[in-house]
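Trainee: To be precise about what I am sending: the file is called protein-v7.cif and holds mmCIF, C-alpha atoms and all ligand atoms; chains and numbers go by the auth columns.
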```
data_protein
#
loop_
_atom_site.group_PDB
_atom_site.id
_atom_site.type_symbol
_atom_site.label_atom_id
_atom_site.label_comp_id
_atom_site.label_asym_id
_atom_site.label_seq_id
_atom_site.Cartn_x
_atom_site.Cartn_y
_atom_site.Cartn_z
_atom_site.B_iso_or_equiv
_atom_site.auth_seq_id
_atom_site.auth_asym_id
ATOM 1 C CA MET A 1 -0.618 -16.299 -19.332 0.00 1 A
ATOM 2 C CA PRO A 2 2.914 -16.180 -20.806 0.00 2 A
ATOM 3 C CA VAL A 3 4.590 -17.109 -17.544 0.00 3 A
ATOM 4 C CA ASP A 4 2.686 -20.372 -17.359 0.00 4 A
ATOM 5 C CA GLY A 5 3.353 -21.171 -21.014 0.00 5 A
ATOM 6 C CA ALA A 6 7.040 -20.557 -20.389 0.00 6 A
ATOM 7 C CA ALA A 7 6.975 -22.723 -17.282 0.00 7 A
ATOM 8 C CA HIS A 8 5.825 -25.668 -19.395 0.00 8 A
ATOM 9 C CA ARG A 9 8.686 -25.287 -21.867 0.00 9 A
ATOM 10 C CA PRO A 10 11.174 -27.793 -20.464 0.00 10 A
ATOM 11 C CA GLY A 11 14.403 -26.151 -19.447 0.00 11 A
ATOM 12 C CA HIS A 12 13.230 -22.605 -20.207 0.00 12 A
ATOM 13 C CA LEU A 13 14.588 -20.169 -17.667 0.00 13 A
ATOM 14 C CA ARG A 14 12.323 -17.147 -17.313 0.00 14 A
ATOM 15 C CA LEU A 15 13.756 -13.642 -17.223 0.00 15 A
ATOM 16 C CA GLY A 16 11.964 -11.065 -15.100 0.00 16 A
ATOM 17 C CA VAL A 17 13.200 -7.580 -15.942 0.00 17 A
ATOM 18 C CA ASN A 18 13.120 -5.217 -12.986 0.00 18 A
ATOM 19 C CA ILE A 19 12.455 -1.668 -14.197 0.00 19 A
ATOM 20 C CA ASP A 20 12.813 0.110 -10.822 0.00 20 A
ATOM 21 C CA HIS A 21 15.850 2.097 -11.829 0.00 21 A
ATOM 22 C CA VAL A 22 14.186 3.629 -14.855 0.00 22 A
ATOM 23 C CA ALA A 23 11.904 5.157 -12.236 0.00 23 A
ATOM 24 C CA THR A 24 14.946 6.136 -10.142 0.00 24 A
ATOM 25 C CA ILE A 25 16.187 8.285 -13.033 0.00 25 A
ATOM 26 C CA ARG A 26 12.707 9.706 -13.648 0.00 26 A
ATOM 27 C CA ASN A 27 12.309 10.629 -9.988 0.00 27 A
ATOM 28 C CA ALA A 28 15.699 12.372 -9.915 0.00 28 A
ATOM 29 C CA ARG A 29 13.947 15.247 -11.695 0.00 29 A
ATOM 30 C CA GLY A 30 10.412 14.544 -10.506 0.00 30 A
ATOM 31 C CA GLY A 31 9.018 14.517 -14.052 0.00 31 A
ATOM 32 C CA THR A 32 7.579 11.912 -16.397 0.00 32 A
ATOM 33 C CA TYR A 33 10.633 10.595 -18.244 0.00 33 A
ATOM 34 C CA PRO A 34 12.211 8.112 -18.642 0.00 34 A
ATOM 35 C CA ASP A 35 8.933 6.208 -18.457 0.00 35 A
ATOM 36 C CA PRO A 36 9.185 2.789 -16.749 0.00 36 A
ATOM 37 C CA ILE A 37 6.160 1.602 -18.760 0.00 37 A
ATOM 38 C CA ARG A 38 8.028 2.270 -21.997 0.00 38 A
ATOM 39 C CA ALA A 39 10.987 0.314 -20.582 0.00 39 A
ATOM 40 C CA ALA A 40 8.700 -2.592 -19.695 0.00 40 A
ATOM 41 C CA LEU A 41 7.324 -2.673 -23.243 0.00 41 A
ATOM 42 C CA ILE A 42 10.844 -2.689 -24.724 0.00 42 A
ATOM 43 C CA ALA A 43 11.863 -5.511 -22.345 0.00 43 A
ATOM 44 C CA GLN A 44 8.738 -7.415 -23.359 0.00 44 A
ATOM 45 C CA ASP A 45 9.631 -7.115 -27.067 0.00 45 A
ATOM 46 C CA ALA A 46 13.224 -8.138 -26.359 0.00 46 A
ATOM 47 C CA GLY A 47 12.337 -11.483 -24.755 0.00 47 A
ATOM 48 C CA ALA A 48 11.537 -10.819 -21.097 0.00 48 A
ATOM 49 C CA ASP A 49 9.079 -13.315 -19.610 0.00 49 A
ATOM 50 C CA GLY A 50 7.909 -10.982 -16.867 0.00 50 A
ATOM 51 C CA ILE A 51 8.294 -7.482 -15.453 0.00 51 A
ATOM 52 C CA THR A 52 9.292 -6.887 -11.850 0.00 52 A
ATOM 53 C CA ALA A 53 8.762 -3.683 -9.889 0.00 53 A
ATOM 54 C CA HIS A 54 9.453 -2.966 -6.221 0.00 54 A
ATOM 55 C CA LEU A 55 7.029 -0.530 -4.598 0.00 55 A
ATOM 56 C CA ARG A 56 9.146 0.570 -1.660 0.00 56 A
ATOM 57 C CA GLU A 57 7.635 2.132 1.418 0.00 57 A
ATOM 58 C CA ASP A 58 9.528 5.383 0.707 0.00 58 A
ATOM 59 C CA ARG A 59 8.508 5.332 -3.034 0.00 59 A
ATOM 60 C CA ARG A 60 12.071 6.130 -4.021 0.00 60 A
ATOM 61 C CA HIS A 61 11.589 4.631 -7.497 0.00 61 A
ATOM 62 C CA ILE A 62 8.314 2.909 -8.427 0.00 62 A
ATOM 63 C CA ILE A 63 5.276 4.906 -7.269 0.00 63 A
ATOM 64 C CA ASP A 64 1.701 3.749 -6.740 0.00 64 A
ATOM 65 C CA GLU A 65 0.431 4.887 -10.166 0.00 65 A
ATOM 66 C CA ASP A 66 3.169 2.895 -11.918 0.00 66 A
ATOM 67 C CA ILE A 67 1.673 -0.368 -10.676 0.00 67 A
ATOM 68 C CA GLY A 68 -1.744 0.227 -12.285 0.00 68 A
ATOM 69 C CA HIS A 69 -0.159 1.624 -15.445 0.00 69 A
ATOM 70 C CA LEU A 70 2.135 -1.399 -15.773 0.00 70 A
ATOM 71 C CA ILE A 71 -0.697 -3.870 -15.361 0.00 71 A
ATOM 72 C CA GLY A 72 -2.725 -1.973 -17.961 0.00 72 A
ATOM 73 C CA ALA A 73 0.085 -1.691 -20.495 0.00 73 A
ATOM 74 C CA ILE A 74 2.000 -4.953 -20.508 0.00 74 A
ATOM 75 C CA SER A 75 0.855 -8.385 -21.580 0.00 75 A
ATOM 76 C CA LEU A 76 3.537 -10.053 -19.438 0.00 76 A
ATOM 77 C CA PRO A 77 2.912 -11.034 -15.827 0.00 77 A
ATOM 78 C CA LEU A 78 3.850 -8.422 -13.237 0.00 78 A
ATOM 79 C CA ASN A 79 5.848 -9.494 -10.209 0.00 79 A
ATOM 80 C CA MET A 80 5.386 -6.843 -7.513 0.00 80 A
ATOM 81 C CA GLU A 81 8.064 -6.798 -4.845 0.00 81 A
ATOM 82 C CA MET A 82 6.989 -5.366 -1.517 0.00 82 A
ATOM 83 C CA ALA A 83 7.543 -5.360 2.222 0.00 83 A
ATOM 84 C CA ALA A 84 5.191 -7.479 4.316 0.00 84 A
ATOM 85 C CA THR A 85 3.117 -4.571 5.651 0.00 85 A
ATOM 86 C CA GLU A 86 -0.632 -3.949 5.832 0.00 86 A
ATOM 87 C CA GLU A 87 -0.295 -0.935 3.521 0.00 87 A
ATOM 88 C CA MET A 88 1.436 -2.979 0.805 0.00 88 A
ATOM 89 C CA LEU A 89 -0.957 -5.885 1.263 0.00 89 A
ATOM 90 C CA GLY A 90 -3.876 -3.502 0.569 0.00 90 A
ATOM 91 C CA ILE A 91 -2.205 -2.196 -2.598 0.00 91 A
ATOM 92 C CA ALA A 92 -1.464 -5.719 -3.845 0.00 92 A
ATOM 93 C CA LEU A 93 -5.018 -6.887 -3.197 0.00 93 A
ATOM 94 C CA ARG A 94 -6.379 -3.868 -5.088 0.00 94 A
ATOM 95 C CA HIS A 95 -4.178 -4.360 -8.146 0.00 95 A
ATOM 96 C CA ARG A 96 -3.845 -8.156 -8.103 0.00 96 A
ATOM 97 C CA PRO A 97 -0.511 -8.526 -9.902 0.00 97 A
ATOM 98 C CA HIS A 98 0.354 -12.016 -11.145 0.00 98 A
ATOM 99 C CA ALA A 99 2.890 -12.434 -8.336 0.00 99 A
ATOM 100 C CA VAL A 100 4.061 -10.768 -5.164 0.00 100 A
ATOM 101 C CA CYS A 101 7.582 -11.230 -3.859 0.00 101 A
ATOM 102 C CA LEU A 102 7.841 -10.405 -0.159 0.00 102 A
ATOM 103 C CA VAL A 103 11.134 -8.718 0.654 0.00 103 A
ATOM 104 C CA PRO A 104 12.651 -7.263 3.808 0.00 104 A
ATOM 105 C CA GLU A 105 12.908 -3.497 3.752 0.00 105 A
ATOM 106 C CA ARG A 106 14.839 -0.971 5.748 0.00 106 A
ATOM 107 C CA ARG A 107 14.547 2.667 4.792 0.00 107 A
ATOM 108 C CA GLU A 108 18.225 3.416 5.225 0.00 108 A
ATOM 109 C CA GLU A 109 19.426 0.618 2.933 0.00 109 A
ATOM 110 C CA ARG A 110 20.516 1.348 -0.623 0.00 110 A
ATOM 111 C CA THR A 111 18.998 -1.869 -1.924 0.00 111 A
ATOM 112 C CA THR A 112 17.530 -5.070 -0.482 0.00 112 A
ATOM 113 C CA GLU A 113 20.538 -6.131 1.513 0.00 113 A
ATOM 114 C CA GLY A 114 19.547 -9.518 2.868 0.00 114 A
ATOM 115 C CA GLY A 115 16.812 -12.092 2.616 0.00 115 A
ATOM 116 C CA LEU A 116 13.550 -12.148 4.498 0.00 116 A
ATOM 117 C CA ASN A 117 13.684 -13.819 7.887 0.00 117 A
ATOM 118 C CA ALA A 118 10.893 -16.239 7.039 0.00 118 A
ATOM 119 C CA ALA A 119 11.900 -18.529 9.888 0.00 119 A
ATOM 120 C CA GLY A 120 11.556 -15.803 12.516 0.00 120 A
ATOM 121 C CA GLN A 121 8.306 -14.184 11.333 0.00 121 A
ATOM 122 C CA HIS A 122 5.933 -17.102 10.905 0.00 122 A
ATOM 123 C CA ASN A 123 2.962 -15.535 12.682 0.00 123 A
ATOM 124 C CA HIS A 124 3.308 -12.233 10.817 0.00 124 A
ATOM 125 C CA LEU A 125 3.807 -13.770 7.362 0.00 125 A
ATOM 126 C CA LYS A 126 1.364 -16.669 7.463 0.00 126 A
ATOM 127 C CA PRO A 127 -1.908 -14.652 7.260 0.00 127 A
ATOM 128 C CA MET A 128 -0.420 -12.323 4.652 0.00 128 A
ATOM 129 C CA ILE A 129 0.641 -15.211 2.423 0.00 129 A
ATOM 130 C CA SER A 130 -2.792 -16.793 2.827 0.00 130 A
ATOM 131 C CA ARG A 131 -4.639 -13.593 1.879 0.00 131 A
ATOM 132 C CA LEU A 132 -2.464 -13.024 -1.186 0.00 132 A
ATOM 133 C CA GLY A 133 -2.866 -16.675 -2.208 0.00 133 A
ATOM 134 C CA GLU A 134 -6.657 -16.537 -1.784 0.00 134 A
ATOM 135 C CA ALA A 135 -6.689 -13.506 -4.110 0.00 135 A
ATOM 136 C CA GLY A 136 -4.997 -15.629 -6.794 0.00 136 A
ATOM 137 C CA ILE A 137 -1.604 -13.943 -6.378 0.00 137 A
ATOM 138 C CA ARG A 138 1.437 -16.201 -6.539 0.00 138 A
ATOM 139 C CA VAL A 139 3.551 -15.505 -3.456 0.00 139 A
ATOM 140 C CA SER A 140 7.298 -15.677 -3.449 0.00 140 A
ATOM 141 C CA LEU A 141 9.612 -15.140 -0.466 0.00 141 A
ATOM 142 C CA PHE A 142 12.983 -13.485 -1.070 0.00 142 A
ATOM 143 C CA ILE A 143 15.278 -15.487 1.205 0.00 143 A
ATOM 144 C CA GLU A 144 18.919 -16.305 1.736 0.00 144 A
ATOM 145 C CA PRO A 145 19.939 -19.667 0.250 0.00 145 A
ATOM 146 C CA ASP A 146 19.715 -21.258 3.682 0.00 146 A
ATOM 147 C CA PRO A 147 17.991 -24.597 4.458 0.00 147 A
ATOM 148 C CA MET A 148 16.318 -23.099 7.550 0.00 148 A
ATOM 149 C CA GLN A 149 14.650 -20.386 5.456 0.00 149 A
ATOM 150 C CA ILE A 150 13.499 -22.939 2.888 0.00 150 A
ATOM 151 C CA GLU A 151 11.933 -25.076 5.598 0.00 151 A
ATOM 152 C CA ALA A 152 10.198 -21.949 6.895 0.00 152 A
ATOM 153 C CA ALA A 153 8.881 -21.156 3.385 0.00 153 A
ATOM 154 C CA VAL A 154 7.471 -24.690 3.171 0.00 154 A
ATOM 155 C CA SER A 155 5.712 -24.353 6.515 0.00 155 A
ATOM 156 C CA LEU A 156 4.347 -20.935 5.481 0.00 156 A
ATOM 157 C CA GLY A 157 2.801 -22.434 2.339 0.00 157 A
ATOM 158 C CA ALA A 158 4.520 -20.077 -0.111 0.00 158 A
ATOM 159 C CA PRO A 159 4.712 -21.709 -3.558 0.00 159 A
ATOM 160 C CA VAL A 160 7.882 -19.872 -4.633 0.00 160 A
ATOM 161 C CA VAL A 161 11.182 -18.811 -3.058 0.00 161 A
ATOM 162 C CA GLU A 162 13.516 -16.301 -4.656 0.00 162 A
ATOM 163 C CA LEU A 163 17.086 -17.042 -3.590 0.00 163 A
ATOM 164 C CA HIS A 164 19.176 -13.946 -2.834 0.00 164 A
ATOM 165 C CA THR A 165 22.249 -14.012 -5.075 0.00 165 A
ATOM 166 C CA GLY A 166 23.842 -10.882 -3.580 0.00 166 A
ATOM 167 C CA ALA A 167 26.555 -12.718 -1.594 0.00 167 A
ATOM 168 C CA TYR A 168 27.423 -14.747 -4.722 0.00 168 A
ATOM 169 C CA ALA A 169 27.528 -11.603 -6.863 0.00 169 A
ATOM 170 C CA HIS A 170 30.017 -9.953 -4.497 0.00 170 A
ATOM 171 C CA ALA A 171 32.180 -13.029 -3.787 0.00 171 A
ATOM 172 C CA GLU A 172 35.548 -13.856 -5.307 0.00 172 A
ATOM 173 C CA GLY A 173 37.822 -16.908 -5.412 0.00 173 A
ATOM 174 C CA GLU A 174 36.945 -19.701 -2.998 0.00 174 A
ATOM 175 C CA ALA A 175 34.070 -17.744 -1.557 0.00 175 A
ATOM 176 C CA LEU A 176 32.494 -17.603 -5.014 0.00 176 A
ATOM 177 C CA ALA A 177 32.440 -21.401 -5.333 0.00 177 A
ATOM 178 C CA TYR A 178 31.039 -21.644 -1.801 0.00 178 A
ATOM 179 C CA GLU A 179 28.233 -19.161 -2.488 0.00 179 A
ATOM 180 C CA LEU A 180 27.360 -20.854 -5.772 0.00 180 A
ATOM 181 C CA ARG A 181 27.131 -24.211 -4.011 0.00 181 A
ATOM 182 C CA ARG A 182 24.828 -22.744 -1.345 0.00 182 A
ATOM 183 C CA ILE A 183 22.480 -21.484 -4.066 0.00 183 A
ATOM 184 C CA ALA A 184 22.559 -24.784 -5.985 0.00 184 A
ATOM 185 C CA ASP A 185 21.890 -26.763 -2.785 0.00 185 A
ATOM 186 C CA ALA A 186 19.089 -24.410 -1.749 0.00 186 A
ATOM 187 C CA ALA A 187 17.471 -24.651 -5.201 0.00 187 A
ATOM 188 C CA ALA A 188 17.604 -28.453 -5.047 0.00 188 A
ATOM 189 C CA LEU A 189 16.145 -28.491 -1.524 0.00 189 A
ATOM 190 C CA ALA A 190 13.372 -26.081 -2.492 0.00 190 A
ATOM 191 C CA ALA A 191 12.416 -28.114 -5.560 0.00 191 A
ATOM 192 C CA LYS A 192 12.499 -31.348 -3.555 0.00 192 A
ATOM 193 C CA ASN A 193 9.977 -29.780 -1.188 0.00 193 A
ATOM 194 C CA GLY A 194 7.673 -28.723 -4.011 0.00 194 A
ATOM 195 C CA LEU A 195 8.683 -25.038 -4.114 0.00 195 A
ATOM 196 C CA GLU A 196 9.609 -23.255 -7.337 0.00 196 A
ATOM 197 C CA PRO A 197 13.032 -21.646 -6.889 0.00 197 A
ATOM 198 C CA HIS A 198 13.783 -18.275 -8.466 0.00 198 A
ATOM 199 C CA ALA A 199 16.948 -16.211 -7.977 0.00 199 A
ATOM 200 C CA GLY A 200 18.137 -12.664 -8.251 0.00 200 A
ATOM 201 C CA HIS A 201 20.140 -9.692 -7.048 0.00 201 A
ATOM 202 C CA GLY A 202 23.404 -8.368 -8.449 0.00 202 A
ATOM 203 C CA LEU A 203 23.334 -10.530 -11.583 0.00 203 A
ATOM 204 C CA THR A 204 25.311 -9.324 -14.607 0.00 204 A
ATOM 205 C CA PHE A 205 26.500 -10.638 -17.999 0.00 205 A
ATOM 206 C CA GLU A 206 29.638 -11.877 -16.194 0.00 206 A
ATOM 207 C CA ASN A 207 28.103 -13.804 -13.333 0.00 207 A
ATOM 208 C CA VAL A 208 24.701 -14.945 -14.637 0.00 208 A
ATOM 209 C CA GLN A 209 25.638 -18.204 -16.335 0.00 209 A
ATOM 210 C CA PRO A 210 26.591 -20.383 -13.332 0.00 210 A
ATOM 211 C CA ILE A 211 23.261 -19.393 -11.725 0.00 211 A
ATOM 212 C CA ALA A 212 21.344 -19.928 -14.977 0.00 212 A
ATOM 213 C CA ALA A 213 22.861 -23.403 -15.214 0.00 213 A
ATOM 214 C CA ILE A 214 21.280 -24.552 -11.930 0.00 214 A
ATOM 215 C CA PRO A 215 18.561 -26.795 -13.356 0.00 215 A
ATOM 216 C CA GLN A 216 15.877 -26.300 -10.692 0.00 216 A
ATOM 217 C CA ILE A 217 15.869 -22.497 -10.975 0.00 217 A
ATOM 218 C CA ALA A 218 12.843 -21.401 -13.013 0.00 218 A
ATOM 219 C CA GLU A 219 13.232 -17.616 -13.075 0.00 219 A
ATOM 220 C CA LEU A 220 15.843 -14.901 -12.647 0.00 220 A
ATOM 221 C CA ASN A 221 14.920 -11.351 -11.715 0.00 221 A
ATOM 222 C CA ILE A 222 17.466 -8.817 -12.898 0.00 222 A
ATOM 223 C CA GLY A 223 17.328 -5.041 -12.713 0.00 223 A
ATOM 224 C CA HIS A 224 20.155 -2.689 -11.864 0.00 224 A
ATOM 225 C CA PHE A 225 22.719 -4.105 -14.272 0.00 225 A
ATOM 226 C CA LEU A 226 20.291 -4.211 -17.211 0.00 226 A
ATOM 227 C CA ILE A 227 19.243 -0.597 -16.763 0.00 227 A
ATOM 228 C CA ALA A 228 22.860 0.511 -16.246 0.00 228 A
ATOM 229 C CA GLU A 229 24.069 -1.341 -19.343 0.00 229 A
ATOM 230 C CA ALA A 230 21.147 0.025 -21.350 0.00 230 A
ATOM 231 C CA ILE A 231 22.725 3.494 -21.073 0.00 231 A
ATOM 232 C CA PHE A 232 25.451 2.268 -23.428 0.00 232 A
ATOM 233 C CA ASP A 233 23.754 -0.358 -25.555 0.00 233 A
ATOM 234 C CA GLY A 234 20.037 0.308 -25.376 0.00 234 A
ATOM 235 C CA LEU A 235 17.562 -1.681 -23.284 0.00 235 A
ATOM 236 C CA GLY A 236 16.381 -3.968 -26.087 0.00 236 A
ATOM 237 C CA ALA A 237 19.911 -5.098 -26.987 0.00 237 A
ATOM 238 C CA THR A 238 20.841 -5.528 -23.312 0.00 238 A
ATOM 239 C CA VAL A 239 17.797 -7.687 -22.528 0.00 239 A
ATOM 240 C CA ARG A 240 18.383 -9.766 -25.674 0.00 240 A
ATOM 241 C CA ARG A 241 22.011 -10.413 -24.674 0.00 241 A
ATOM 242 C CA MET A 242 21.024 -11.429 -21.123 0.00 242 A
ATOM 243 C CA ARG A 243 18.339 -13.714 -22.590 0.00 243 A
ATOM 244 C CA ALA A 244 20.940 -15.333 -24.921 0.00 244 A
ATOM 245 C CA LEU A 245 23.453 -15.888 -22.075 0.00 245 A
ATOM 246 C CA MET A 246 20.754 -17.488 -19.913 0.00 246 A
ATOM 247 C CA ASP A 247 19.589 -19.764 -22.743 0.00 247 A
ATOM 248 C CA GLU A 248 23.182 -20.762 -23.545 0.00 248 A
ATOM 249 C CA ALA A 249 23.750 -21.841 -19.912 0.00 249 A
ATOM 250 C CA ARG A 250 20.770 -24.279 -19.828 0.00 250 A
HETATM 251 N N1 LIG B . 14.988 -9.758 -6.694 0.00 301 B
HETATM 252 C C1 LIG B . 14.618 -9.035 -5.622 0.00 301 B
HETATM 253 C C2 LIG B . 13.675 -9.657 -4.648 0.00 301 B
HETATM 254 C C3 LIG B . 15.079 -7.720 -5.429 0.00 301 B
HETATM 255 O O1 LIG B . 14.689 -7.014 -4.338 0.00 301 B
HETATM 256 C C4 LIG B . 15.927 -7.149 -6.390 0.00 301 B
HETATM 257 C C5 LIG B . 16.390 -5.746 -6.216 0.00 301 B
HETATM 258 O O2 LIG B . 15.298 -4.898 -6.238 0.00 301 B
HETATM 259 C C6 LIG B . 16.267 -7.924 -7.510 0.00 301 B
HETATM 260 C C7 LIG B . 15.806 -9.232 -7.625 0.00 301 B
HETATM 261 C C8 LIG B . 17.108 -7.393 -8.613 0.00 301 B
HETATM 262 O O3 LIG B . 18.380 -7.078 -8.168 0.00 301 B
HETATM 263 P P1 LIG B . 19.322 -6.218 -9.100 0.00 301 B
HETATM 264 O O4 LIG B . 18.663 -4.892 -9.307 0.00 301 B
HETATM 265 O O5 LIG B . 20.598 -6.149 -8.355 0.00 301 B
HETATM 266 O O6 LIG B . 19.435 -6.974 -10.419 0.00 301 B
#
```
Produce structure tokens that represent the structure in this file.

Mentor:
Amino acid sequence: MPVDGAAHRPGHLRLGVNIDHVATIRNARGGTYPDPIRAALIAQDAGADGITAHLREDRRHIIDEDIGHLIGAISLPLNMEMAATEEMLGIALRHRPHAVCLVPERREERTTEGGLNAAGQHNHLKPMISRLGEAGIRVSLFIEPDPMQIEAAVSLGAPVVELHTGAYAHAEGEALAYELRRIADAAALAAKNGLEPHAGHGLTFENVQPIAAIPQIAELNIGHFLIAEAIFDGLGATVRRMRALMDEAR
């Protein structure tokens, strides 16, 4: 599988392209275009290592059919983001994507605003992570770059943590250096404990390189900026530029 091949290339930082917001535009008119599957195929040709899609409980962008269509159409691994609910667990077990990233979800939020409280939900998350793992799905927990959450991920037996870069993406000045340090420290702690650290949220051409330079981070998941920039430059060119900036930072 390409993701595993990429993982064995020393220093290679994987790019997961999140195509949710192609579906947001499609759903604005309730029709069939723009097609997120077509976007995934363009991202694949332009150097993405994986495709990410978030099936939200309110189906505001990706809808159930998209998941099956994506798995059928792309040769890259699919990372399905979802809330830790029984409904979503059933969908994941039916489709068996390469990976599932468990995220917190609140209907009223505009996007995923904070990390999962892995430390406070052990009894709820543990059986879910086990069932996904037994089905051969790689489980990732989207958490704040906080040592307590990393320790919780270790005790839950999740092989991957995705570090929330939202606070970093919105920070300026001294706060920016502080947030970057938190992410670097969390990535080092995760790797030391045998977890594979990923990162994502709010990453752009301007702020990606300091995150891409953190040596333990194996994958970045990027969506909103890539789809927004694609309006002006095309998706292929935008993914290729992000890929080049990430490679340059390693
Ligand atoms: N990773 C996770 C777990 C997310 O929930 C999101 C947003 O859906 C992203 C990465 C990508 O964030 P953005 O769209 O801001 O690039």

Trainee: Can you translate the PyMOL selection byres (((chain A and resi 246) around 12) and not hetatm) into the concrete residues it hits in this file, as a ChimeraX atom specification?

Mentor: /A:11-16,47-48,203-215,217-222,239-245,247-250

Trainee: How would you write, as a list in words, the set of residues no farther than 6 Å from ligand LIG 301 (chain B) when counting only C-alpha atoms and all ligand atoms?

Mentor: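 Counting only what the definition allows, namely only C-alpha atoms and all ligand atoms, the set is Val103, Thr112, Phe142, Gly200, His201, Gly202, Leu203, Asn221, Ile222, Gly223, His224 and Phe225 of chain A.
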
Trainee: Taking the file as shown, find all residues satisfying the PyMOL selection byres (((chain A and resi 190) around 9) and not hetatm) and write them as a list in words.

Mentor: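 Given this file, the PyMOL selection byres (((chain A and resi 190) around 9) and not hetatm) evaluates to Pro147, Ile150, Glu151, Ala153, Val154, Val160, Val161, Asp185, Ala186, Ala187, Ala188, Leu189, Ala191, Lys192, Asn193, Gly194, Leu195, Glu196, Pro197 and Gln216 of chain A.
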
Trainee: Can you pull out the residues contacting Gly157 of chain A? Cut-off 8 Å, using all atoms listed in the file, and skip same-chain residues under 2 positions away; I want them as a JSON list (two decimals) with C-alpha atoms, in the frame of the given file.

Mentor:
```json
[["chain", "number", "residue", "atom", "x", "y", "z"],
["A", 126, "LYS", "CA", 1.36, -16.67, 7.46],
["A", 129, "ILE", "CA", 0.64, -15.21, 2.42],
["A", 130, "SER", "CA", -2.79, -16.79, 2.83],
["A", 153, "ALA", "CA", 8.88, -21.16, 3.38],
["A", 154, "VAL", "CA", 7.47, -24.69, 3.17],
["A", 155, "SER", "CA", 5.71, -24.35, 6.52],
["A", 159, "PRO", "CA", 4.71, -21.71, -3.56]]
```

Trainee: For segment 56-61 of chain A, please output as a ChimeraX atom specification all residues within 6 Å (counting all atoms listed in the file; exclusion window: fewer than 2 positions along the same chain).

Mentor: /A:20,23-24,54,63

Trainee: Expand the PyMOL selection byres (((chain A and resi 38) around 12) and not hetatm) into the explicit residue set it covers here, and present it as a VMD selection string.

Mentor: chain A and resid 19 22 to 23 32 to 37 39 to 45 51 66 69 to 70 73 to 74 235 to 236

Trainee: Find the residue from A:Glu179, A:Glu109, A:Glu134, A:Glu229 that sits nearest to Asp146 of chain A; use only C-alpha atoms when measuring.

Mentor: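 Between A:Glu179, A:Glu109, A:Glu134, A:Glu229, the residue approaching Asp146 of chain A most closely is A:Glu179.
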
Trainee: Can you work out which one of A:Ala53, A:Leu125, A:Ile227, A:Cys101 has the shortest atom-to-atom distance to Glu86 of chain A, counting all atoms listed in the file?

Mentor: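 Selected residue with least distance to Glu86 of chain A: A:Leu125.
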
Trainee: Would you work out the distance separating atom CA of Leu93 of chain A from atom CA of Ala158 of chain A, expressed in Å to one decimal?

Mentor: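 Result for atom CA of Leu93 of chain A versus atom CA of Ala158 of chain A: 16.6 Å, one decimal.
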
Trainee: Closest to Ser140 of chain A among A:Gly115, A:Pro10, A:Gly90, A:Gly120, using only C-alpha atoms?

Mentor: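 Among the listed residues, A:Gly115 lies closest to Ser140 of chain A.
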
Trainee: By how many Å are atom CA of His21 of chain A and atom CA of Ala228 of chain A apart?

Mentor: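 That distance, rounded to one decimal, is 8.4 Å.
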
Trainee: Kindly give the distance, in Å, that separates atom CA of Arg106 of chain A and atom CA of Met82 of chain A, rounded to a single decimal.

Mentor: 11.6 Å

Trainee: Please define a box with edges along x, y and z of the file around all atoms of segment 101-106 of chain A given in the file, extend it by 6 Å on each side, and return its centre and edge lengths in Å to one decimal, as lines of an AutoDock Vina configuration file.

Mentor:
```
center_x = 11.2
center_y = -6.1
center_z = 0.9
size_x = 19.3
size_y = 22.3
size_z = 21.6
```

Trainee: With distances taken over all atoms listed in the file, which of A:Ala119, A:Ala92, A:Pro97, A:His164 is nearest to Arg131 of chain A?

Mentor: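 Smallest distance to Arg131 of chain A is found for A:Ala92.
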
Trainee: Counting all atoms listed in the file, which residue out of A:Gly30, A:Leu132, A:Gly173, A:Pro145 sits closest to Met88 of chain A?

Mentor: A:Leu132

Trainee: Closest to Asn79 of chain A among A:Ile137, A:Ala46, A:Ala199, A:Ala118, using all atoms listed in the file?

Mentor: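 Closest candidate: A:Ile137.
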